[in-house]
$ cat coords_2.txt   # compact mmCIF, C-alpha atoms
# COMPACT_ATOMS: atom_id res chain seq x y z
CA MET H 1 57.01 56.15 -108.72
CA THR H 2 59.06 55.58 -105.56
CA ASP H 3 62.76 56.44 -105.96
CA TYR H 4 65.09 53.47 -105.66
CA ASP H 5 68.66 52.46 -106.47
CA VAL H 6 69.64 49.33 -108.36
CA LEU H 7 72.80 47.54 -107.23
CA ARG H 8 74.50 44.44 -108.56
CA VAL H 9 75.75 42.29 -105.70
CA PHE H 10 78.40 39.54 -105.89
CA CYS H 11 79.81 40.73 -109.22
CA GLY H 12 82.55 38.79 -110.95
CA PRO H 13 86.21 39.90 -110.98
CA ARG H 14 85.70 42.30 -113.90
CA GLY H 15 82.47 43.77 -112.55
CA GLU H 16 80.25 41.49 -114.60
CA TYR H 17 77.18 39.55 -113.49
CA GLY H 18 75.94 39.96 -109.91
CA ASN H 19 72.37 39.81 -108.61
CA GLU H 20 70.26 42.93 -109.10
CA LEU H 21 68.95 44.48 -105.88
CA GLY H 22 66.43 47.27 -105.48
CA VAL H 23 67.05 49.64 -102.56
CA VAL H 24 64.57 52.29 -101.40
CA ARG H 25 66.85 54.52 -99.34
CA ASP H 26 63.95 56.38 -97.67
CA GLY H 27 61.66 53.70 -96.34
CA SER H 28 59.34 56.31 -94.84
CA VAL H 29 57.81 56.95 -98.27
CA LEU H 30 56.26 53.45 -98.12
CA PRO H 31 55.73 52.65 -94.43
CA GLU H 32 53.06 49.95 -94.91
CA ARG H 33 54.09 46.35 -95.53
CA ASP H 34 51.43 45.79 -98.18
CA ASP H 35 52.72 48.76 -100.18
CA ARG H 36 56.30 47.55 -99.85
CA GLN H 37 55.29 44.09 -100.99
CA ALA H 38 53.47 45.55 -103.98
CA LEU H 39 56.54 47.55 -105.03
CA ALA H 40 58.83 44.53 -104.63
CA ALA H 41 56.46 42.53 -106.85
CA LYS H 42 56.35 45.32 -109.43
CA LEU H 43 60.14 45.69 -109.56
CA GLY H 44 60.61 41.93 -109.84
CA PHE H 45 64.12 41.73 -108.41
CA SER H 46 65.04 38.69 -106.34
CA GLU H 47 64.91 41.07 -103.37
CA THR H 48 64.08 44.70 -102.67
CA VAL H 49 65.24 46.47 -99.50
CA PHE H 50 63.63 49.38 -97.67
CA VAL H 51 65.96 51.41 -95.44
CA ASP H 52 64.07 52.53 -92.33
CA ASP H 53 67.01 54.11 -90.49
CA PRO H 54 70.16 54.77 -92.56
CA GLU H 55 72.29 55.77 -89.57
CA ARG H 56 71.48 52.65 -87.52
CA GLY H 57 71.23 50.40 -90.58
CA VAL H 58 67.64 49.28 -89.97
CA ILE H 59 66.35 47.49 -93.09
CA ASP H 60 63.29 45.58 -94.29
CA ILE H 61 63.66 42.93 -97.06
CA TYR H 62 61.09 41.61 -99.57
CA THR H 63 61.05 39.11 -102.41
CA PRO H 64 58.35 39.61 -105.08
CA SER H 65 56.05 37.45 -102.94
CA ALA H 66 57.15 37.56 -99.27
CA ARG H 67 58.85 39.53 -96.51
CA LEU H 68 62.12 38.01 -95.25
CA PRO H 69 63.62 38.32 -91.75
CA PHE H 70 67.10 38.05 -93.30
CA ALA H 71 68.75 37.59 -96.68
CA GLY H 72 72.42 37.56 -97.61
CA TYR H 73 72.85 39.46 -100.85
CA PRO H 74 70.58 42.37 -99.80
CA CYS H 75 72.64 42.80 -96.63
CA VAL H 76 75.91 42.84 -98.57
CA GLY H 77 74.50 45.35 -101.04
CA VAL H 78 73.06 47.71 -98.42
CA ALA H 79 76.22 47.41 -96.29
CA TRP H 80 78.19 48.74 -99.27
CA LEU H 81 75.64 51.47 -100.02
CA LEU H 82 75.26 52.79 -96.47
CA ASP H 83 78.80 52.09 -95.18
CA VAL H 84 77.60 51.50 -91.60
CA PRO H 85 79.19 49.15 -89.02
CA GLU H 86 76.08 46.99 -88.72
CA LEU H 87 72.64 46.32 -90.15
CA VAL H 88 69.54 45.63 -88.07
CA THR H 89 67.24 42.97 -89.54
CA PRO H 90 64.25 41.22 -87.95
CA ALA H 91 66.43 38.10 -87.61
CA GLY H 92 69.29 39.85 -85.79
CA VAL H 93 72.13 42.35 -86.02
CA VAL H 94 74.46 41.82 -88.98
CA GLY H 95 78.05 43.01 -88.69
CA THR H 96 79.52 44.70 -91.78
CA ARG H 97 82.92 45.79 -93.06
CA LEU H 98 84.41 47.08 -96.30
CA ASP H 99 87.77 45.65 -97.34
CA GLY H 100 89.10 46.88 -100.66
CA GLU H 101 86.89 45.69 -103.50
CA PHE H 102 84.90 43.38 -101.20
CA THR H 103 82.05 44.14 -98.83
CA TRP H 104 81.57 41.67 -95.98
CA ILE H 105 78.76 40.84 -93.59
CA GLU H 106 78.80 38.52 -90.58
CA ALA H 107 75.59 36.58 -89.99
CA ARG H 108 74.22 33.22 -88.89
CA ALA H 109 73.12 30.45 -91.25
CA GLU H 110 70.05 29.65 -89.15
CA TRP H 111 68.63 33.09 -89.93
CA ALA H 112 68.05 32.00 -93.52
CA GLY H 113 64.87 30.29 -94.67
CA PRO H 114 64.81 26.55 -95.41
CA ARG H 115 66.59 25.39 -98.54
CA THR H 116 67.52 22.04 -100.02
CA LEU H 117 71.29 21.93 -100.52
CA ARG H 118 71.85 19.23 -103.11
CA ARG H 119 75.34 18.14 -104.08
CA TYR H 120 76.08 16.97 -107.62
CA ALA H 121 79.07 15.00 -108.81
CA THR H 122 80.45 17.60 -111.23
CA ALA H 123 80.13 21.27 -112.05
CA ALA H 124 78.98 20.26 -115.54
CA GLU H 125 75.94 18.54 -114.02
CA VAL H 126 75.05 21.73 -112.17
CA ASP H 127 75.48 23.75 -115.38
CA ALA H 128 73.13 21.41 -117.25
CA LEU H 129 70.26 21.50 -114.76
CA PRO H 130 66.89 22.70 -116.07
CA VAL H 131 64.79 25.00 -113.90
CA PRO H 132 62.80 22.65 -111.63
CA GLU H 133 59.09 22.89 -110.99
CA PRO H 134 58.10 25.23 -108.13
CA GLY H 135 57.85 23.70 -104.69
CA GLU H 136 61.21 23.73 -102.93
CA TRP H 137 64.11 26.18 -102.66
CA LEU H 138 66.91 24.20 -104.34
CA TYR H 139 70.58 25.13 -104.05
CA ALA H 140 72.47 22.87 -106.45
CA TRP H 141 76.21 22.70 -106.00
CA ALA H 142 79.33 20.73 -106.87
CA TRP H 143 83.03 21.00 -106.16
CA GLU H 144 85.11 22.59 -108.89
CA ASP H 145 88.24 22.17 -106.76
CA GLU H 146 87.57 20.68 -103.33
CA ALA H 147 91.09 21.22 -102.03
CA ALA H 148 90.89 24.92 -102.87
CA GLY H 149 87.31 25.30 -101.62
CA ARG H 150 85.98 26.30 -105.07
CA VAL H 151 82.29 25.58 -105.63
CA ARG H 152 79.98 25.79 -108.63
CA ALA H 153 76.37 26.52 -107.65
CA ARG H 154 72.95 27.52 -108.95
CA GLY H 155 69.93 28.60 -106.93
CA PHE H 156 66.26 27.93 -107.76
CA PRO H 157 63.84 29.65 -105.34
CA GLY H 158 60.84 27.58 -106.44
CA ARG H 159 58.35 30.18 -105.19
CA GLY H 160 56.48 30.60 -108.45
CA ASP H 161 56.77 34.40 -108.25
CA GLY H 162 58.66 35.01 -111.49
CA VAL H 163 62.20 34.53 -110.13
CA GLU H 164 63.02 31.12 -111.59
CA GLU H 165 66.75 31.25 -110.87
CA ASP H 166 68.62 33.38 -108.34
CA GLU H 167 71.85 34.71 -109.82
CA ALA H 168 73.60 34.91 -106.43
CA THR H 169 72.28 33.68 -103.08
CA GLY H 170 74.07 34.81 -99.95
CA ALA H 171 71.86 32.95 -97.48
CA ALA H 172 72.42 29.64 -99.26
CA ALA H 173 76.17 30.30 -99.29
CA LEU H 174 76.03 30.81 -95.52
CA GLN H 175 74.14 27.53 -95.10
CA LEU H 176 76.57 25.58 -97.28
CA THR H 177 79.54 27.06 -95.41
CA ALA H 178 78.00 26.07 -92.07
CA GLN H 179 77.33 22.56 -93.38
CA LEU H 180 80.87 22.05 -94.73
CA GLY H 181 82.65 23.99 -91.98
CA ARG H 182 85.16 25.67 -94.26
CA ALA H 183 85.80 28.80 -96.30
CA LEU H 184 84.36 28.74 -99.82
CA ASN H 185 84.84 30.54 -103.12
CA ILE H 186 81.52 30.10 -104.93
CA VAL H 187 80.68 30.86 -108.55
CA GLN H 188 76.91 30.97 -108.92
CA GLY H 189 74.55 31.63 -111.80
CA GLN H 190 76.17 33.06 -114.91
CA GLY H 191 79.37 34.04 -113.11
CA SER H 192 78.69 35.80 -109.81
CA GLN H 193 81.32 35.30 -107.08
CA LEU H 194 80.63 34.81 -103.36
CA LEU H 195 83.30 34.34 -100.68
CA THR H 196 82.63 32.87 -97.24
CA ALA H 197 84.59 32.14 -94.08
CA PRO H 198 83.42 30.42 -90.87
CA GLN H 199 83.83 32.47 -87.69
CA PRO H 200 83.73 31.50 -84.00
CA GLU H 201 80.49 30.71 -82.18
CA GLY H 202 78.43 29.86 -85.24
CA TRP H 203 78.92 33.06 -87.21
CA THR H 204 79.93 33.17 -90.88
CA GLU H 205 81.41 35.96 -92.99
CA LEU H 206 80.04 36.47 -96.49
CA GLY H 207 81.65 38.81 -98.96
CA GLY H 208 81.46 40.05 -102.52
CA ARG H 209 81.76 42.95 -104.92
CA VAL H 210 78.96 45.51 -105.27
CA LEU H 211 78.35 48.00 -108.08
CA LEU H 212 75.74 50.73 -108.43
CA GLU H 213 73.85 50.12 -111.65
CA ASN H 214 71.57 53.16 -111.48

$ encode --input "coords_2.txt" --output "structure tokens"
Amino acid sequence: MTDYDVLRVFCGPRGEYGNELGVVRDGSVLPERDDRQALAAKLGFSETVFVDDPERGVIDIYTPSARLPFAGYPCVGVAWLLDVPELVTPAGVVGTRLDGEFTWIEARAEWAGPRTLRRYATAAEVDALPVPEPGEWLYAWAWEDEAAGRVRARGFPGRGDGVEEDEATGAAALQLTAQLGRALNIVQGQGSQLLTAPQPEGWTELGGRVLLEN
């Protein structure tokens, strides 16, 4: 079995929740895409990352069913694990920084795959949503406190690959931040926390807590 670490990314204030991420620190043990895809499917995490160059931060990201040019929570997790100034993804170079308990990346919303961002009237409506049928990537959200920028959200990938609900979705948080044009404090899933802040020239910062599970 290939060695890998399991992180929880975007944990809550007491270290709870967060989205599990698989990280193969030595990508050279599985150089072929088909083998990487097979491992990602076997592990079953929302995403699994293969590190191809730990010093330069070159990474390769997979869901259980597809390779991604960019994804938010894997970049935050690997930024914390490697502690490098940037990550190199197929979509572009991601800036990183560690600031106390939070790890931050700087990326562009257009790097993320298409999602439907659907606003609901109340957080209670978002909480009550059933898992929709596969077909579209749905990011359901509502204001908890609009003046304070607090958002309640849930993410449903809709890929039909076993991940019915994404506990924390960095790419969708980037897209929502770009759409609203303001900093956000998002609680997603059971209680994961994502922070965002718009930056000049179309960039957005995305931050959260990361813990090593095993």

$ closest_residue --input "coords_2.txt" --among "H:Phe50, H:Phe70, H:Trp137, H:Trp104" --to "Ala197 (chain H)" --atoms "only C-alpha atoms"
H:Trp104

$ closest_atom_pairs --input "coords_2.txt" --of "region 73-172 of chain H" --to "region 8-30 of chain H" --cutoff "7 Å" --atoms "only C-alpha atoms" --output "Markdown table"
| residue | atom | partner | partner_atom | distance |
| --- | --- | --- | --- | --- |
| H:Tyr73 | CA | H:Val9 | CA | 6.3 |
| H:Pro74 | CA | H:Leu21 | CA | 6.6 |
| H:Gly77 | CA | H:Val9 | CA | 5.7 |
| H:Glu167 | CA | H:Asn19 | CA | 5.3 |
| H:Ala168 | CA | H:Asn19 | CA | 5.5 |

$ atom_distance --input "coords_2.txt" --atom1 "CA of Ala142 (chain H)" --atom2 "CA of Ala112 (chain H)"
20.8 Å

$ atom_distance --input "coords_2.txt" --atom1 "CA of Ile61 (chain H)" --atom2 "CA of Tyr4 (chain H)"
13.7 Å

$ closest_residue --input "coords_2.txt" --among "H:Leu98, H:Ala153, H:Ala171, H:Ala109" --to "Ala124 (chain H)" --atoms "all atoms listed in the file"
H:Ala153

$ residues_near_point --input "coords_2.txt" --point "(74.8, 31.3, -84.5)" --cutoff "9 Å" --atoms "only C-alpha atoms" --output "list of chain:residue names"
H:Ala107, H:Arg108, H:Ala109, H:Glu110, H:Trp111, H:Pro200, H:Glu201, H:Gly202, H:Trp203, H:Thr204

$ closest_atom_pairs --input "coords_2.txt" --of "region 128-179 of chain H" --to "region 64-67 of chain H" --cutoff "8 Å" --atoms "only C-alpha atoms" --output "CSV"
residue,atom,partner,partner_atom,distance
H:Arg159,CA,H:Ser65,CA,8.0
H:Asp161,CA,H:Ser65,CA,6.2
H:Gly162,CA,H:Pro64,CA,7.9

$ atom_distance --input "coords_2.txt" --atom1 "CA of Glu101 (chain H)" --atom2 "CA of Glu213 (chain H)"
16.0 Å

$ closest_residue --input "coords_2.txt" --among "H:Gly149, H:Gly72, H:Gly170, H:Pro157" --to "Gln188 (chain H)" --atoms "all atoms listed in the file"
H:Gly170

$ closest_residue --input "coords_2.txt" --among "H:Gly155, H:Gly135, H:Pro90, H:Pro31" --to "Ser46 (chain H)" --atoms "only C-alpha atoms"
H:Gly155

$ residues_around --input "coords_2.txt" --residues "Gly207 (chain H)" --least-positions-apart "3" --cutoff "8 Å" --atoms "all atoms listed in the file" --output "PDB file with C-alpha atoms, in the frame of the given file"
ATOM      1  CA  PHE H  10      78.400  39.540-105.890  1.00  0.00           C
ATOM      2  CA  VAL H  76      75.910  42.840 -98.570  1.00  0.00           C
ATOM      3  CA  PHE H 102      84.900  43.380-101.200  1.00  0.00           C
ATOM      4  CA  THR H 103      82.050  44.140 -98.830  1.00  0.00           C
ATOM      5  CA  TRP H 104      81.570  41.670 -95.980  1.00  0.00           C
ATOM      6  CA  ILE H 105      78.760  40.840 -93.590  1.00  0.00           C
ATOM      7  CA  LEU H 194      80.630  34.810-103.360  1.00  0.00           C
ATOM      8  CA  LEU H 195      83.300  34.340-100.680  1.00  0.00           C
ATOM      9  CA  THR H 196      82.630  32.870 -97.240  1.00  0.00           C
TER      10      THR H 196
END

$ residues_around --input "coords_2.txt" --residues "Ala79 (chain H)" --least-positions-apart "4" --cutoff "8 Å" --atoms "only C-alpha atoms" --output "PyMOL selection string"
chain H and resi 75+83-84+86-87+96-97+103-105

$ closest_residue --input "coords_2.txt" --among "H:Gly158, H:Pro54, H:Gly189, H:Gly100" --to "Val210 (chain H)" --atoms "all atoms listed in the file"
H:Gly100

$ axis_aligned_box --input "coords_2.txt" --around "region 187-203 of chain H" --padding-each-side "8 Å" --output "JSON"
{"center_x": 79.6, "center_y": 32.8, "center_z": -98.5, "size_x": 26.0, "size_y": 21.9, "size_z": 48.7}

$ residues_near_point --input "coords_2.txt" --point "(69.8, 50.4, -94.3)" --cutoff "8 Å" --atoms "all atoms listed in the file" --output "PyMOL selection string"
chain H and resi 25+49-59+78-79+82+87-88

$ residues_around --input "coords_2.txt" --residues "Glu125 (chain H)" --least-positions-apart "5" --cutoff "12 Å" --atoms "all atoms listed in the file" --output "list in words"
Arg118, Arg119, Tyr120, Pro130, Ala140, Trp141, Ala142, Trp143, Glu144, Arg152, Ala153 and Arg154 of chain H

$ decode --input "coords_2.txt" --residues "region 85-99 of chain H" --atoms "all heavy atoms" --output "mmCIF file, in the first residue's frame"
data_model
loop_
_atom_site.group_PDB
_atom_site.id
_atom_site.type_symbol
_atom_site.label_atom_id
_atom_site.label_comp_id
_atom_site.auth_asym_id
_atom_site.auth_seq_id
_atom_site.Cartn_x
_atom_site.Cartn_y
_atom_site.Cartn_z
ATOM 1 N N PRO H 85 6.615 28.572 0.107
ATOM 2 C CA PRO H 85 6.019 29.872 -0.210
ATOM 3 C C PRO H 85 4.999 29.841 -1.330
ATOM 4 O O PRO H 85 4.227 30.781 -1.487
ATOM 5 C CB PRO H 85 7.226 30.731 -0.605
ATOM 6 C CG PRO H 85 8.257 29.755 -1.057
ATOM 7 C CD PRO H 85 8.059 28.535 -0.216
ATOM 8 N N GLU H 86 4.983 28.756 -2.107
ATOM 9 C CA GLU H 86 4.010 28.659 -3.184
ATOM 10 C C GLU H 86 3.803 27.200 -3.553
ATOM 11 O O GLU H 86 4.613 26.327 -3.235
ATOM 12 C CB GLU H 86 4.452 29.456 -4.415
ATOM 13 C CG GLU H 86 5.730 28.962 -5.055
ATOM 14 C CD GLU H 86 6.193 29.838 -6.206
ATOM 15 O OE1 GLU H 86 5.894 31.049 -6.183
ATOM 16 O OE2 GLU H 86 6.858 29.298 -7.117
ATOM 17 N N LEU H 87 2.675 26.948 -4.214
ATOM 18 C CA LEU H 87 2.374 25.633 -4.776
ATOM 19 C C LEU H 87 2.203 25.784 -6.276
ATOM 20 O O LEU H 87 1.649 26.786 -6.742
ATOM 21 C CB LEU H 87 1.095 25.057 -4.164
ATOM 22 C CG LEU H 87 1.101 24.807 -2.658
ATOM 23 C CD1 LEU H 87 -0.292 24.407 -2.189
ATOM 24 C CD2 LEU H 87 2.115 23.737 -2.281
ATOM 25 N N VAL H 88 2.643 24.788 -7.024
ATOM 26 C CA VAL H 88 2.517 24.808 -8.478
ATOM 27 C C VAL H 88 1.462 23.782 -8.870
ATOM 28 O O VAL H 88 1.651 22.575 -8.684
ATOM 29 C CB VAL H 88 3.857 24.501 -9.165
ATOM 30 C CG1 VAL H 88 3.698 24.552 -10.682
ATOM 31 C CG2 VAL H 88 4.928 25.488 -8.712
ATOM 32 N N THR H 89 0.342 24.265 -9.403
ATOM 33 C CA THR H 89 -0.732 23.401 -9.886
ATOM 34 C C THR H 89 -0.857 23.565 -11.396
ATOM 35 O O THR H 89 -0.348 24.548 -11.957
ATOM 36 C CB THR H 89 -2.074 23.775 -9.239
ATOM 37 O OG1 THR H 89 -2.550 25.011 -9.803
ATOM 38 C CG2 THR H 89 -1.949 23.937 -7.723
ATOM 39 N N PRO H 90 -1.539 22.648 -12.090
ATOM 40 C CA PRO H 90 -1.741 22.825 -13.520
ATOM 41 C C PRO H 90 -2.465 24.126 -13.878
ATOM 42 O O PRO H 90 -2.261 24.676 -14.960
ATOM 43 C CB PRO H 90 -2.574 21.600 -13.910
ATOM 44 C CG PRO H 90 -2.172 20.555 -12.925
ATOM 45 C CD PRO H 90 -1.974 21.308 -11.640
ATOM 46 N N ALA H 91 -3.290 24.629 -12.952
ATOM 47 C CA ALA H 91 -4.033 25.859 -13.230
ATOM 48 C C ALA H 91 -3.176 27.106 -13.082
ATOM 49 O O ALA H 91 -3.420 28.116 -13.749
ATOM 50 C CB ALA H 91 -5.240 25.958 -12.302
ATOM 51 N N GLY H 92 -2.164 27.057 -12.204
ATOM 52 C CA GLY H 92 -1.338 28.236 -11.958
ATOM 53 C C GLY H 92 -0.595 28.118 -10.637
ATOM 54 O O GLY H 92 -0.729 27.124 -9.916
ATOM 55 N N VAL H 93 0.179 29.145 -10.332
ATOM 56 C CA VAL H 93 0.977 29.158 -9.105
ATOM 57 C C VAL H 93 0.145 29.763 -7.972
ATOM 58 O O VAL H 93 -0.393 30.868 -8.099
ATOM 59 C CB VAL H 93 2.277 29.950 -9.305
ATOM 60 C CG1 VAL H 93 3.061 30.029 -7.997
ATOM 61 C CG2 VAL H 93 3.125 29.297 -10.399
ATOM 62 N N VAL H 94 0.067 29.044 -6.877
ATOM 63 C CA VAL H 94 -0.733 29.425 -5.712
ATOM 64 C C VAL H 94 0.203 29.948 -4.629
ATOM 65 O O VAL H 94 1.097 29.231 -4.173
ATOM 66 C CB VAL H 94 -1.519 28.209 -5.186
ATOM 67 C CG1 VAL H 94 -2.299 28.570 -3.928
ATOM 68 C CG2 VAL H 94 -2.444 27.665 -6.267
ATOM 69 N N GLY H 95 0.013 31.182 -4.209
ATOM 70 C CA GLY H 95 0.790 31.718 -3.097
ATOM 71 C C GLY H 95 0.312 31.132 -1.788
ATOM 72 O O GLY H 95 -0.879 30.831 -1.621
ATOM 73 N N THR H 96 1.222 30.954 -0.813
ATOM 74 C CA THR H 96 0.846 30.393 0.481
ATOM 75 C C THR H 96 1.504 31.170 1.611
ATOM 76 O O THR H 96 2.564 31.774 1.434
ATOM 77 C CB THR H 96 1.263 28.912 0.610
ATOM 78 O OG1 THR H 96 2.670 28.830 0.840
ATOM 79 C CG2 THR H 96 0.922 28.130 -0.639
ATOM 80 N N ARG H 97 0.870 31.148 2.771
ATOM 81 C CA ARG H 97 1.480 31.713 3.978
ATOM 82 C C ARG H 97 0.833 31.091 5.203
ATOM 83 O O ARG H 97 -0.345 30.718 5.185
ATOM 84 C CB ARG H 97 1.350 33.233 4.030
ATOM 85 C CG ARG H 97 -0.068 33.770 4.145
ATOM 86 C CD ARG H 97 -0.096 35.288 4.135
ATOM 87 N NE ARG H 97 -1.451 35.820 4.177
ATOM 88 C CZ ARG H 97 -2.116 36.116 5.291
ATOM 89 N NH1 ARG H 97 -1.535 35.947 6.478
ATOM 90 N NH2 ARG H 97 -3.347 36.595 5.243
ATOM 91 N N LEU H 98 1.606 30.966 6.265
ATOM 92 C CA LEU H 98 1.119 30.479 7.547
ATOM 93 C C LEU H 98 1.050 31.660 8.507
ATOM 94 O O LEU H 98 1.987 32.441 8.610
ATOM 95 C CB LEU H 98 2.038 29.390 8.108
ATOM 96 C CG LEU H 98 1.808 27.956 7.623
ATOM 97 C CD1 LEU H 98 1.937 27.853 6.117
ATOM 98 C CD2 LEU H 98 2.754 26.987 8.307
ATOM 99 N N ASP H 99 -0.083 31.795 9.187
ATOM 100 C CA ASP H 99 -0.311 32.925 10.082
ATOM 101 C C ASP H 99 -0.997 32.412 11.340
ATOM 102 O O ASP H 99 -2.221 32.289 11.376
ATOM 103 C CB ASP H 99 -1.160 33.983 9.378
ATOM 104 C CG ASP H 99 -1.394 35.214 10.227
ATOM 105 O OD1 ASP H 99 -0.750 35.340 11.286
ATOM 106 O OD2 ASP H 99 -2.228 36.052 9.840
#
